[in-house]
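The structure appears below as structure tokens.
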Amino acid sequence: MEKRPAHREFFESIERKAKGFFRSARGSHDWDHTQRVLSLCLRIGKKEKGDLEILRLAALLHDIGRAAEDLSNGKICHSQAGASMAGKILKAHGIDQETIDRVIHCIQAHRFRKGAVPVSKEARILFDADKLDSIGAVGIGRAFLFAGEVGARLHNKDIEIRKTKPYTKEDTAYREYLVKLNKVKDRVFTKEGKRIARERHRFMVEFFERLNRETGGML
Ligand SMILES: [Fe+2]
Ligand SMILES: [Fe+2]
């Protein structure tokens, strides 16, 4: 990275810029999520010998397109929009094109949608860190927060997923767990990511089993 002098100031400036996009973010997808993803990226990055500077930039900027996606009611994809916004921010900070391209790839591929598969080590680490924040105790917390945001019920252990829709009263944390969260551990790429995922998955399974028993009056 060419921007060696004023290194700390550079990252602080990027962080300030990124944080500015989260002023009206809801709790389930806010700036705290970015900070948790950053911590996981650095932890996994050290173990997997990834480029920590690329990871820091990619983590800080990975969700800056989310507000644009929310405003467009999902028409804009936040990973694509965020990648081009990040490119402009980094260019304005005088960062070299190779670094910009590496960061852009991480951001574009962090959702794993059509045509954007994480190929580089750093992209795979960001993908894993982002997904890990959706499982375990923190994932459960976010799922309930999101359910609250869309006005869903606390729980429905007899839920029939095929008969329910997202963003409705039946969009419970348990639905999210059955549809998505219990599959996350099989989607992560890195060895360290898989290790963390297995541990977080175990806790999540235990939590929802217990919730079913408590709400059924069995515990
Ligand atoms: Fe995202
Ligand atoms: Fe994210």
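Please note that chains go A, B, ... in the order of the structure tokens, that every chain numbers its residues from 1, and that ligands are numbered from 1 in the order shown.
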Mind running chain A against ligand 1 at 8 Å and telling me each contacting residue's nearest atom pair with the distance in Å (one decimal), counting only C-alpha atoms and all ligand atoms, chain and number ascending, as a Markdown table?
```
| residue | atom | partner | partner_atom_place_in_ligand_line | distance |
| --- | --- | --- | --- | --- |
| A:His62 | CA | ligand 1 | 1 (Fe) | 6.2 |
| A:Asp63 | CA | ligand 1 | 1 (Fe) | 4.8 |
| A:Arg66 | CA | ligand 1 | 1 (Fe) | 7.0 |
| A:His78 | CA | ligand 1 | 1 (Fe) | 6.6 |
| A:Ser79 | CA | ligand 1 | 1 (Fe) | 6.2 |
| A:His110 | CA | ligand 1 | 1 (Fe) | 6.4 |
| A:Arg111 | CA | ligand 1 | 1 (Fe) | 6.2 |
| A:Asp130 | CA | ligand 1 | 1 (Fe) | 7.2 |
```
Just-selected residues, N, CA, C and O atoms written as a tab-separated table (two decimals), in the first residue's frame:
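In the end it all went to again-v5.tsv:
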```tsv
chain	number	residue	atom	x	y	z
A	62	HIS	N	-17.32	-2.68	4.16
A	62	HIS	CA	-18.09	-3.74	3.47
A	62	HIS	C	-19.59	-3.49	3.40
A	62	HIS	O	-20.25	-3.95	2.47
A	63	ASP	N	-20.15	-2.77	4.37
A	63	ASP	CA	-21.61	-2.57	4.37
A	63	ASP	C	-22.02	-1.11	4.15
A	63	ASP	O	-23.16	-0.76	4.45
A	66	ARG	N	-25.39	-0.34	2.47
A	66	ARG	CA	-26.64	-0.88	3.02
A	66	ARG	C	-27.78	0.14	3.04
A	66	ARG	O	-28.93	-0.18	2.73
A	78	HIS	N	-26.38	-4.06	-1.84
A	78	HIS	CA	-25.43	-3.26	-1.06
A	78	HIS	C	-23.97	-3.69	-1.26
A	78	HIS	O	-23.07	-2.88	-1.07
A	79	SER	N	-23.76	-4.92	-1.68
A	79	SER	CA	-22.35	-5.31	-1.90
A	79	SER	C	-21.81	-4.68	-3.19
A	79	SER	O	-20.65	-4.26	-3.24
A	110	HIS	N	-18.83	-10.38	-0.59
A	110	HIS	CA	-19.12	-10.75	0.80
A	110	HIS	C	-20.52	-11.32	0.99
A	110	HIS	O	-20.83	-11.90	2.02
A	111	ARG	N	-21.36	-11.22	-0.04
A	111	ARG	CA	-22.71	-11.77	0.07
A	111	ARG	C	-22.86	-13.10	-0.65
A	111	ARG	O	-23.84	-13.78	-0.47
A	130	ASP	N	-18.26	-12.00	8.29
A	130	ASP	CA	-19.61	-11.45	8.16
A	130	ASP	C	-20.66	-12.51	8.52
A	130	ASP	O	-21.62	-12.22	9.23
```
Residues within 10 Å of ligand 2 should be enumerated using only C-alpha atoms and all ligand atoms and returned as an mmCIF file with all heavy atoms, in the first residue's frame.
```cif
data_model
loop_
_atom_site.group_PDB
_atom_site.id
_atom_site.type_symbol
_atom_site.label_atom_id
_atom_site.label_comp_id
_atom_site.auth_asym_id
_atom_site.auth_seq_id
_atom_site.Cartn_x
_atom_site.Cartn_y
_atom_site.Cartn_z
ATOM 1 N N HIS A 29 -28.309 -4.232 11.818
ATOM 2 C CA HIS A 29 -27.297 -4.064 10.754
ATOM 3 C C HIS A 29 -26.587 -2.726 10.925
ATOM 4 O O HIS A 29 -26.518 -1.937 9.989
ATOM 5 C CB HIS A 29 -27.963 -4.070 9.371
ATOM 6 C CG HIS A 29 -28.454 -5.414 8.960
ATOM 7 N ND1 HIS A 29 -29.768 -5.759 8.983
ATOM 8 C CD2 HIS A 29 -27.793 -6.507 8.512
ATOM 9 C CE1 HIS A 29 -29.909 -7.009 8.567
ATOM 10 N NE2 HIS A 29 -28.728 -7.480 8.279
ATOM 11 N N ASP A 30 -26.079 -2.450 12.083
ATOM 12 C CA ASP A 30 -25.527 -1.113 12.347
ATOM 13 C C ASP A 30 -23.988 -1.105 12.347
ATOM 14 O O ASP A 30 -23.349 -2.087 11.990
ATOM 15 C CB ASP A 30 -26.084 -0.566 13.678
ATOM 16 C CG ASP A 30 -25.668 -1.438 14.851
ATOM 17 O OD1 ASP A 30 -24.958 -2.439 14.639
ATOM 18 O OD2 ASP A 30 -26.058 -1.103 15.983
ATOM 19 N N TRP A 31 -23.425 0.031 12.770
ATOM 20 C CA TRP A 31 -21.973 0.189 12.792
ATOM 21 C C TRP A 31 -21.309 -0.822 13.738
ATOM 22 O O TRP A 31 -20.193 -1.273 13.515
ATOM 23 C CB TRP A 31 -21.627 1.628 13.184
ATOM 24 C CG TRP A 31 -20.163 1.890 13.284
ATOM 25 C CD1 TRP A 31 -19.458 2.172 14.424
ATOM 26 C CD2 TRP A 31 -19.204 1.887 12.220
ATOM 27 N NE1 TRP A 31 -18.127 2.334 14.138
ATOM 28 C CE2 TRP A 31 -17.940 2.166 12.786
ATOM 29 C CE3 TRP A 31 -19.289 1.663 10.843
ATOM 30 C CZ2 TRP A 31 -16.782 2.250 12.035
ATOM 31 C CZ3 TRP A 31 -18.123 1.722 10.077
ATOM 32 C CH2 TRP A 31 -16.895 2.018 10.676
ATOM 33 N N HIS A 33 -22.043 -3.856 14.045
ATOM 34 C CA HIS A 33 -21.821 -5.072 13.243
ATOM 35 C C HIS A 33 -20.487 -4.942 12.493
ATOM 36 O O HIS A 33 -19.680 -5.878 12.480
ATOM 37 C CB HIS A 33 -22.987 -5.288 12.272
ATOM 38 C CG HIS A 33 -22.655 -6.184 11.112
ATOM 39 N ND1 HIS A 33 -22.458 -7.539 11.251
ATOM 40 C CD2 HIS A 33 -22.459 -5.906 9.785
ATOM 41 C CE1 HIS A 33 -22.159 -8.060 10.063
ATOM 42 N NE2 HIS A 33 -22.143 -7.095 9.156
ATOM 43 N N THR A 34 -20.263 -3.779 11.887
ATOM 44 C CA THR A 34 -19.001 -3.567 11.159
ATOM 45 C C THR A 34 -17.804 -3.745 12.101
ATOM 46 O O THR A 34 -16.808 -4.375 11.745
ATOM 47 C CB THR A 34 -18.991 -2.154 10.532
ATOM 48 O OG1 THR A 34 -19.920 -2.137 9.446
ATOM 49 C CG2 THR A 34 -17.617 -1.770 10.005
ATOM 50 N N GLN A 35 -17.919 -3.224 13.306
ATOM 51 C CA GLN A 35 -16.793 -3.348 14.245
ATOM 52 C C GLN A 35 -16.557 -4.801 14.667
ATOM 53 O O GLN A 35 -15.414 -5.238 14.812
ATOM 54 C CB GLN A 35 -17.039 -2.455 15.456
ATOM 55 C CG GLN A 35 -16.910 -0.986 15.074
ATOM 56 C CD GLN A 35 -17.000 -0.071 16.260
ATOM 57 O OE1 GLN A 35 -17.973 -0.093 16.995
ATOM 58 N NE2 GLN A 35 -15.986 0.729 16.453
ATOM 59 N N ARG A 36 -17.645 -5.551 14.834
ATOM 60 C CA ARG A 36 -17.479 -6.971 15.177
ATOM 61 C C ARG A 36 -16.857 -7.735 14.001
ATOM 62 O O ARG A 36 -15.998 -8.606 14.200
ATOM 63 C CB ARG A 36 -18.835 -7.597 15.553
ATOM 64 C CG ARG A 36 -19.426 -7.054 16.839
ATOM 65 C CD ARG A 36 -20.618 -7.903 17.310
ATOM 66 N NE ARG A 36 -21.691 -7.950 16.348
ATOM 67 C CZ ARG A 36 -22.724 -7.100 16.302
ATOM 68 N NH1 ARG A 36 -22.813 -6.126 17.186
ATOM 69 N NH2 ARG A 36 -23.660 -7.230 15.378
ATOM 70 N N VAL A 37 -17.292 -7.396 12.792
ATOM 71 C CA VAL A 37 -16.729 -8.047 11.602
ATOM 72 C C VAL A 37 -15.240 -7.724 11.486
ATOM 73 O O VAL A 37 -14.421 -8.584 11.173
ATOM 74 C CB VAL A 37 -17.507 -7.636 10.326
ATOM 75 C CG1 VAL A 37 -16.787 -8.074 9.060
ATOM 76 C CG2 VAL A 37 -18.912 -8.225 10.354
ATOM 77 N N LEU A 38 -14.892 -6.468 11.780
ATOM 78 C CA LEU A 38 -13.476 -6.075 11.745
ATOM 79 C C LEU A 38 -12.663 -6.910 12.741
ATOM 80 O O LEU A 38 -11.602 -7.441 12.398
ATOM 81 C CB LEU A 38 -13.347 -4.575 12.057
ATOM 82 C CG LEU A 38 -11.927 -4.045 12.227
ATOM 83 C CD1 LEU A 38 -11.102 -4.237 10.952
ATOM 84 C CD2 LEU A 38 -11.947 -2.553 12.606
ATOM 85 N N ALA A 59 -13.255 -4.665 5.735
ATOM 86 C CA ALA A 59 -14.224 -4.808 6.833
ATOM 87 C C ALA A 59 -14.902 -3.470 7.119
ATOM 88 O O ALA A 59 -16.127 -3.391 7.222
ATOM 89 C CB ALA A 59 -13.529 -5.342 8.078
ATOM 90 N N LEU A 60 -14.106 -2.399 7.227
ATOM 91 C CA LEU A 60 -14.670 -1.080 7.543
ATOM 92 C C LEU A 60 -15.686 -0.632 6.489
ATOM 93 O O LEU A 60 -16.683 0.005 6.803
ATOM 94 C CB LEU A 60 -13.555 -0.030 7.643
ATOM 95 C CG LEU A 60 -12.674 -0.088 8.890
ATOM 96 C CD1 LEU A 60 -11.490 0.872 8.738
ATOM 97 C CD2 LEU A 60 -13.465 0.237 10.152
ATOM 98 N N LEU A 61 -15.414 -0.987 5.228
ATOM 99 C CA LEU A 61 -16.230 -0.460 4.130
ATOM 100 C C LEU A 61 -17.267 -1.463 3.603
ATOM 101 O O LEU A 61 -18.058 -1.122 2.728
ATOM 102 C CB LEU A 61 -15.310 -0.033 2.971
ATOM 103 C CG LEU A 61 -14.345 1.128 3.284
ATOM 104 C CD1 LEU A 61 -13.236 1.209 2.226
ATOM 105 C CD2 LEU A 61 -15.094 2.460 3.354
ATOM 106 N N HIS A 62 -17.319 -2.685 4.155
ATOM 107 C CA HIS A 62 -18.085 -3.740 3.475
ATOM 108 C C HIS A 62 -19.595 -3.489 3.402
ATOM 109 O O HIS A 62 -20.245 -3.949 2.474
ATOM 110 C CB HIS A 62 -17.778 -5.122 4.073
ATOM 111 C CG HIS A 62 -18.569 -5.505 5.272
ATOM 112 N ND1 HIS A 62 -18.299 -5.020 6.532
ATOM 113 C CD2 HIS A 62 -19.647 -6.319 5.419
ATOM 114 C CE1 HIS A 62 -19.155 -5.543 7.388
ATOM 115 N NE2 HIS A 62 -19.989 -6.328 6.745
ATOM 116 N N ASP A 63 -20.150 -2.770 4.372
ATOM 117 C CA ASP A 63 -21.611 -2.572 4.375
ATOM 118 C C ASP A 63 -22.018 -1.114 4.147
ATOM 119 O O ASP A 63 -23.160 -0.758 4.448
ATOM 120 C CB ASP A 63 -22.204 -3.072 5.703
ATOM 121 C CG ASP A 63 -22.567 -4.554 5.663
ATOM 122 O OD1 ASP A 63 -22.684 -5.110 4.548
ATOM 123 O OD2 ASP A 63 -22.723 -5.154 6.742
ATOM 124 N N ILE A 64 -21.139 -0.294 3.604
ATOM 125 C CA ILE A 64 -21.504 1.135 3.456
ATOM 126 C C ILE A 64 -22.622 1.347 2.430
ATOM 127 O O ILE A 64 -23.231 2.398 2.400
ATOM 128 C CB ILE A 64 -20.293 2.053 3.115
ATOM 129 C CG1 ILE A 64 -19.635 1.639 1.792
ATOM 130 C CG2 ILE A 64 -19.295 2.101 4.264
ATOM 131 C CD1 ILE A 64 -18.535 2.615 1.340
ATOM 132 N N ARG A 66 -25.392 -0.337 2.467
ATOM 133 C CA ARG A 66 -26.642 -0.881 3.017
ATOM 134 C C ARG A 66 -27.780 0.140 3.041
ATOM 135 O O ARG A 66 -28.933 -0.178 2.733
ATOM 136 C CB ARG A 66 -26.420 -1.457 4.413
ATOM 137 C CG ARG A 66 -27.592 -2.288 4.860
ATOM 138 C CD ARG A 66 -27.264 -3.094 6.077
ATOM 139 N NE ARG A 66 -26.751 -4.412 5.756
ATOM 140 C CZ ARG A 66 -27.489 -5.416 5.293
ATOM 141 N NH1 ARG A 66 -28.771 -5.236 5.042
ATOM 142 N NH2 ARG A 66 -26.969 -6.592 5.064
ATOM 143 N N HIS A 78 -26.381 -4.062 -1.837
ATOM 144 C CA HIS A 78 -25.426 -3.261 -1.056
ATOM 145 C C HIS A 78 -23.973 -3.687 -1.263
ATOM 146 O O HIS A 78 -23.066 -2.881 -1.068
ATOM 147 C CB HIS A 78 -25.802 -3.235 0.438
ATOM 148 C CG HIS A 78 -25.438 -4.458 1.205
ATOM 149 N ND1 HIS A 78 -26.261 -5.523 1.361
ATOM 150 C CD2 HIS A 78 -24.305 -4.776 1.880
ATOM 151 C CE1 HIS A 78 -25.674 -6.445 2.091
ATOM 152 N NE2 HIS A 78 -24.479 -6.017 2.425
ATOM 153 N N SER A 79 -23.756 -4.922 -1.684
ATOM 154 C CA SER A 79 -22.351 -5.309 -1.897
ATOM 155 C C SER A 79 -21.810 -4.676 -3.189
ATOM 156 O O SER A 79 -20.647 -4.256 -3.237
ATOM 157 C CB SER A 79 -22.191 -6.831 -1.906
ATOM 158 O OG SER A 79 -23.054 -7.418 -2.831
ATOM 159 N N ILE A 107 -15.461 -6.755 -0.993
ATOM 160 C CA ILE A 107 -16.788 -6.186 -0.712
ATOM 161 C C ILE A 107 -17.835 -6.764 -1.667
ATOM 162 O O ILE A 107 -18.923 -7.155 -1.247
ATOM 163 C CB ILE A 107 -16.745 -4.636 -0.790
ATOM 164 C CG1 ILE A 107 -15.782 -4.099 0.270
ATOM 165 C CG2 ILE A 107 -18.147 -4.042 -0.605
ATOM 166 C CD1 ILE A 107 -15.538 -2.604 0.193
ATOM 167 N N HIS A 110 -18.831 -10.380 -0.592
ATOM 168 C CA HIS A 110 -19.123 -10.752 0.796
ATOM 169 C C HIS A 110 -20.517 -11.325 0.986
ATOM 170 O O HIS A 110 -20.828 -11.899 2.022
ATOM 171 C CB HIS A 110 -18.831 -9.598 1.772
ATOM 172 C CG HIS A 110 -19.951 -8.630 1.988
ATOM 173 N ND1 HIS A 110 -20.105 -7.501 1.237
ATOM 174 C CD2 HIS A 110 -20.954 -8.611 2.896
ATOM 175 C CE1 HIS A 110 -21.160 -6.832 1.669
ATOM 176 N NE2 HIS A 110 -21.702 -7.483 2.668
ATOM 177 N N ARG A 111 -21.361 -11.216 -0.037
ATOM 178 C CA ARG A 111 -22.706 -11.775 0.073
ATOM 179 C C ARG A 111 -22.856 -13.103 -0.652
ATOM 180 O O ARG A 111 -23.840 -13.782 -0.471
ATOM 181 C CB ARG A 111 -23.697 -10.803 -0.572
ATOM 182 C CG ARG A 111 -24.338 -9.894 0.400
ATOM 183 C CD ARG A 111 -25.312 -9.032 -0.348
ATOM 184 N NE ARG A 111 -26.630 -9.155 0.200
ATOM 185 C CZ ARG A 111 -27.673 -8.548 -0.331
ATOM 186 N NH1 ARG A 111 -27.529 -7.845 -1.432
ATOM 187 N NH2 ARG A 111 -28.843 -8.659 0.224
ATOM 188 N N LEU A 126 -13.309 -12.145 4.906
ATOM 189 C CA LEU A 126 -14.392 -11.181 5.154
ATOM 190 C C LEU A 126 -15.748 -11.895 5.091
ATOM 191 O O LEU A 126 -16.618 -11.662 5.939
ATOM 192 C CB LEU A 126 -14.361 -10.033 4.132
ATOM 193 C CG LEU A 126 -15.546 -9.056 4.234
ATOM 194 C CD1 LEU A 126 -15.530 -8.295 5.561
ATOM 195 C CD2 LEU A 126 -15.553 -8.061 3.070
ATOM 196 N N PHE A 127 -15.910 -12.758 4.107
ATOM 197 C CA PHE A 127 -17.160 -13.523 3.984
ATOM 198 C C PHE A 127 -17.421 -14.298 5.280
ATOM 199 O O PHE A 127 -18.514 -14.242 5.847
ATOM 200 C CB PHE A 127 -17.048 -14.484 2.793
ATOM 201 C CG PHE A 127 -18.265 -15.330 2.576
ATOM 202 C CD1 PHE A 127 -19.256 -14.926 1.690
ATOM 203 C CD2 PHE A 127 -18.434 -16.532 3.261
ATOM 204 C CE1 PHE A 127 -20.395 -15.706 1.494
ATOM 205 C CE2 PHE A 127 -19.568 -17.309 3.077
ATOM 206 C CZ PHE A 127 -20.548 -16.908 2.191
ATOM 207 N N ALA A 129 -16.152 -13.818 8.326
ATOM 208 C CA ALA A 129 -16.375 -12.937 9.486
ATOM 209 C C ALA A 129 -17.803 -12.392 9.471
ATOM 210 O O ALA A 129 -18.478 -12.355 10.504
ATOM 211 C CB ALA A 129 -15.365 -11.789 9.457
ATOM 212 N N ASP A 130 -18.263 -12.002 8.289
ATOM 213 C CA ASP A 130 -19.614 -11.452 8.158
ATOM 214 C C ASP A 130 -20.657 -12.511 8.525
ATOM 215 O O ASP A 130 -21.624 -12.224 9.228
ATOM 216 C CB ASP A 130 -19.803 -10.967 6.710
ATOM 217 C CG ASP A 130 -21.041 -10.119 6.539
ATOM 218 O OD1 ASP A 130 -21.222 -9.161 7.316
ATOM 219 O OD2 ASP A 130 -21.837 -10.404 5.624
ATOM 220 N N LYS A 131 -20.459 -13.735 8.059
ATOM 221 C CA LYS A 131 -21.420 -14.809 8.335
ATOM 222 C C LYS A 131 -21.352 -15.232 9.801
ATOM 223 O O LYS A 131 -22.369 -15.554 10.406
ATOM 224 C CB LYS A 131 -21.148 -16.027 7.433
ATOM 225 C CG LYS A 131 -21.327 -15.765 5.957
ATOM 226 C CD LYS A 131 -22.734 -15.340 5.595
ATOM 227 C CE LYS A 131 -22.770 -14.537 4.311
ATOM 228 N NZ LYS A 131 -22.296 -13.151 4.435
ATOM 229 N N LEU A 132 -20.152 -15.243 10.369
ATOM 230 C CA LEU A 132 -20.015 -15.646 11.783
ATOM 231 C C LEU A 132 -20.772 -14.692 12.702
ATOM 232 O O LEU A 132 -21.257 -15.087 13.759
ATOM 233 C CB LEU A 132 -18.529 -15.694 12.187
ATOM 234 C CG LEU A 132 -17.742 -16.874 11.614
ATOM 235 C CD1 LEU A 132 -16.247 -16.684 11.853
ATOM 236 C CD2 LEU A 132 -18.212 -18.189 12.231
ATOM 237 N N ASP A 133 -20.907 -13.429 12.290
ATOM 238 C CA ASP A 133 -21.631 -12.465 13.116
ATOM 239 C C ASP A 133 -23.140 -12.717 13.066
ATOM 240 O O ASP A 133 -23.896 -12.051 13.764
ATOM 241 C CB ASP A 133 -21.313 -11.026 12.676
ATOM 242 C CG ASP A 133 -21.721 -10.009 13.742
ATOM 243 O OD1 ASP A 133 -21.263 -10.154 14.899
ATOM 244 O OD2 ASP A 133 -22.511 -9.101 13.433
ATOM 245 N N SER A 134 -23.570 -13.665 12.226
ATOM 246 C CA SER A 134 -25.004 -13.955 12.166
ATOM 247 C C SER A 134 -25.353 -15.216 12.953
ATOM 248 O O SER A 134 -26.516 -15.622 12.988
ATOM 249 C CB SER A 134 -25.460 -14.105 10.711
ATOM 250 O OG SER A 134 -24.917 -15.282 10.141
#
```
Min atom-atom distance to A:Leu154 from the set A:Asn212, A:Gly87, A:Leu219, A:Ala18, counting only C-alpha atoms, belongs to A:Asn212
For a quick check of understanding, using only C-alpha atoms, which of A:Ala67, A:Ile44, A:Cys106, A:Glu12 has the smallest distance to A:Ser24?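 With only C-alpha atoms as the atom set, the closest residue is A:Ala67.
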Nearest to A:Asp51, chosen from A:Val103, A:Arg23, A:Ala81, A:Ile14, with only C-alpha atoms counted in the distances: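 So, comparing all the options, the nearest one is A:Val103.
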**Request:** Name the residues of stretch 24-171 of chain A that fall into alpha helix (DSSP H) according to DSSP on the backbone, using the chain letters and numbers of this document, as number ranges by chain.
**Result:** A: 31-48, 52-61, 66-71, 78-92, 97-108, 121-132, 136-149
Atom CA of A:Asp171 sits from atom CA of A:Leu145 at a separation of 11.4 Å
Discussion item. List the spatial neighbours of A:Arg142 as an MDAnalysis selection string - criterion: any atom at most 12 Å away, only C-alpha atoms, same-chain residues fewer than 3 positions off excluded.
Written reply: chainID A and resid 26:30 32:33 132:139 145:149 172:174 176:177 181
Those same residues, written as a compact mmCIF listing (two decimals), in the first residue's frame with C-alpha atoms?
```txt
# COMPACT_ATOMS: atom_id res chain seq x y z
CA ARG A 26 -31.16 -0.17 12.54
CA GLY A 27 -29.68 -2.22 15.38
CA SER A 28 -29.51 -5.51 13.51
CA HIS A 29 -27.30 -4.06 10.75
CA ASP A 30 -25.53 -1.11 12.35
CA ASP A 32 -21.45 -2.21 15.74
CA HIS A 33 -21.82 -5.07 13.24
CA LEU A 132 -20.01 -15.65 11.78
CA ASP A 133 -21.63 -12.47 13.12
CA SER A 134 -25.00 -13.95 12.17
CA ILE A 135 -24.66 -17.08 14.34
CA GLY A 136 -23.88 -17.93 17.97
CA ALA A 137 -25.08 -15.70 20.81
CA VAL A 138 -24.57 -12.56 18.75
CA GLY A 139 -26.46 -14.05 15.83
CA LEU A 145 -33.59 -7.53 17.12
CA PHE A 146 -34.48 -7.87 13.43
CA ALA A 147 -37.71 -9.70 14.25
CA GLY A 148 -38.60 -6.80 16.56
CA GLU A 149 -37.82 -4.30 13.80
CA THR A 172 -39.40 -14.74 13.90
CA ALA A 173 -35.82 -15.32 15.00
CA TYR A 174 -36.65 -19.04 14.97
CA GLU A 176 -34.46 -17.10 10.46
CA TYR A 177 -32.63 -19.89 12.30
CA LEU A 181 -28.68 -19.57 10.38
```
Who sits within 12 Å of A:Asp158, only C-alpha atoms, same chain under 2 positions skipped, as JSON, numbers by chain
{"A": [155, 156, 160, 161, 163, 164, 170, 172, 174, 175, 178, 212, 213, 215, 216]}
Residues from last step as file, N, CA and C atoms, as an mmCIF file, in the first residue's frame:
```cif
data_model
loop_
_atom_site.group_PDB
_atom_site.id
_atom_site.type_symbol
_atom_site.label_atom_id
_atom_site.label_comp_id
_atom_site.auth_asym_id
_atom_site.auth_seq_id
_atom_site.Cartn_x
_atom_site.Cartn_y
_atom_site.Cartn_z
ATOM 1 N N HIS A 155 -41.823 -15.872 19.326
ATOM 2 C CA HIS A 155 -41.477 -17.249 18.983
ATOM 3 C C HIS A 155 -42.702 -17.990 18.475
ATOM 4 N N ASN A 156 -42.479 -18.963 17.615
ATOM 5 C CA ASN A 156 -43.536 -19.875 17.185
ATOM 6 C C ASN A 156 -42.867 -21.191 16.862
ATOM 7 N N GLU A 160 -44.521 -23.332 10.226
ATOM 8 C CA GLU A 160 -44.354 -24.065 8.962
ATOM 9 C C GLU A 160 -43.730 -23.082 7.978
ATOM 10 N N ILE A 161 -42.472 -23.278 7.739
ATOM 11 C CA ILE A 161 -41.707 -22.277 6.982
ATOM 12 C C ILE A 161 -42.305 -21.977 5.616
ATOM 13 N N LYS A 163 -45.180 -21.788 4.687
ATOM 14 C CA LYS A 163 -46.389 -20.950 4.729
ATOM 15 C C LYS A 163 -46.106 -19.558 5.277
ATOM 16 N N THR A 164 -44.834 -19.241 5.501
ATOM 17 C CA THR A 164 -44.514 -17.931 6.081
ATOM 18 C C THR A 164 -43.675 -17.093 5.125
ATOM 19 N N GLU A 170 -44.784 -13.435 11.168
ATOM 20 C CA GLU A 170 -44.189 -14.769 11.347
ATOM 21 C C GLU A 170 -42.681 -14.803 11.054
ATOM 22 N N THR A 172 -40.019 -14.657 12.566
ATOM 23 C CA THR A 172 -39.397 -14.735 13.897
ATOM 24 C C THR A 172 -37.913 -15.075 13.801
ATOM 25 N N TYR A 174 -36.675 -17.588 15.176
ATOM 26 C CA TYR A 174 -36.651 -19.042 14.967
ATOM 27 C C TYR A 174 -36.772 -19.377 13.477
ATOM 28 N N ARG A 175 -37.615 -18.617 12.775
ATOM 29 C CA ARG A 175 -37.745 -18.815 11.319
ATOM 30 C C ARG A 175 -36.399 -18.553 10.644
ATOM 31 N N LEU A 178 -34.162 -21.449 11.221
ATOM 32 C CA LEU A 178 -34.484 -22.638 10.414
ATOM 33 C C LEU A 178 -34.168 -22.435 8.938
ATOM 34 N N ASN A 212 -37.638 -23.861 22.673
ATOM 35 C CA ASN A 212 -38.813 -24.703 22.360
ATOM 36 C C ASN A 212 -39.341 -25.391 23.613
ATOM 37 N N ARG A 213 -38.426 -25.865 24.453
ATOM 38 C CA ARG A 213 -38.862 -26.561 25.672
ATOM 39 C C ARG A 213 -39.470 -25.582 26.667
ATOM 40 N N THR A 215 -40.882 -22.592 26.050
ATOM 41 C CA THR A 215 -42.158 -22.034 25.600
ATOM 42 C C THR A 215 -43.246 -23.127 25.566
ATOM 43 N N GLY A 216 -42.833 -24.394 25.527
ATOM 44 C CA GLY A 216 -43.806 -25.476 25.591
ATOM 45 C C GLY A 216 -44.119 -25.883 27.030
#
```
Who sits within 9 Å of A:Asp128, only C-alpha atoms, same chain under 5 positions skipped, as a list in words = Leu40, Cys41, Ile44, His110, Ala123, Asp133, Arg187, Val188, Phe189, Thr190, Gly193, Lys194 and Ala197 of chain A
Can you tell me, as a tab-separated table (two decimals) with N, CA, C and O atoms, in the first residue's frame, what residues are no more than 7 Å from A:Lys121 when counting only C-alpha atoms, ignoring any on the same chain fewer than 3 positions away?
```tsv
chain	number	residue	atom	x	y	z
A	50	GLY	N	-3.61	-13.71	6.30
A	50	GLY	CA	-4.16	-12.82	5.29
A	50	GLY	C	-3.50	-11.45	5.39
A	50	GLY	O	-2.78	-11.16	6.35
A	124	ARG	N	-12.44	-14.31	1.26
A	124	ARG	CA	-13.00	-15.47	1.98
A	124	ARG	C	-13.04	-15.19	3.49
A	124	ARG	O	-13.99	-15.59	4.17
A	125	ILE	N	-12.04	-14.49	3.97
A	125	ILE	CA	-12.01	-14.17	5.41
A	125	ILE	C	-13.13	-13.17	5.74
A	125	ILE	O	-13.84	-13.34	6.74
```
* Of the candidates A:Ala86, A:His105, A:Glu214, A:Val205, which shows the shortest atom-to-atom distance to A:Val117, using only C-alpha atoms? ->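 Using only C-alpha atoms, A:Val117 sits closest to A:His105.
Taking atom CA of A:Leu71 as the reference point, atom CA of A:Pro166 is found at 17.7 Å.
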Which residues are near A:Glu53? Cut-off 10 Å, only C-alpha atoms, ignore same chain within fewer than 4 positions. Put them as an NGL selection string. :A and (1 or 11 or 42 or 45 or 57-59 or 99 or 103 or 122)
So how many Å separate atom CA of A:Gly151 and atom CA of A:Gly217, to one decimal?
->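 Rounded to one decimal, the two atoms are 24.3 Å apart.
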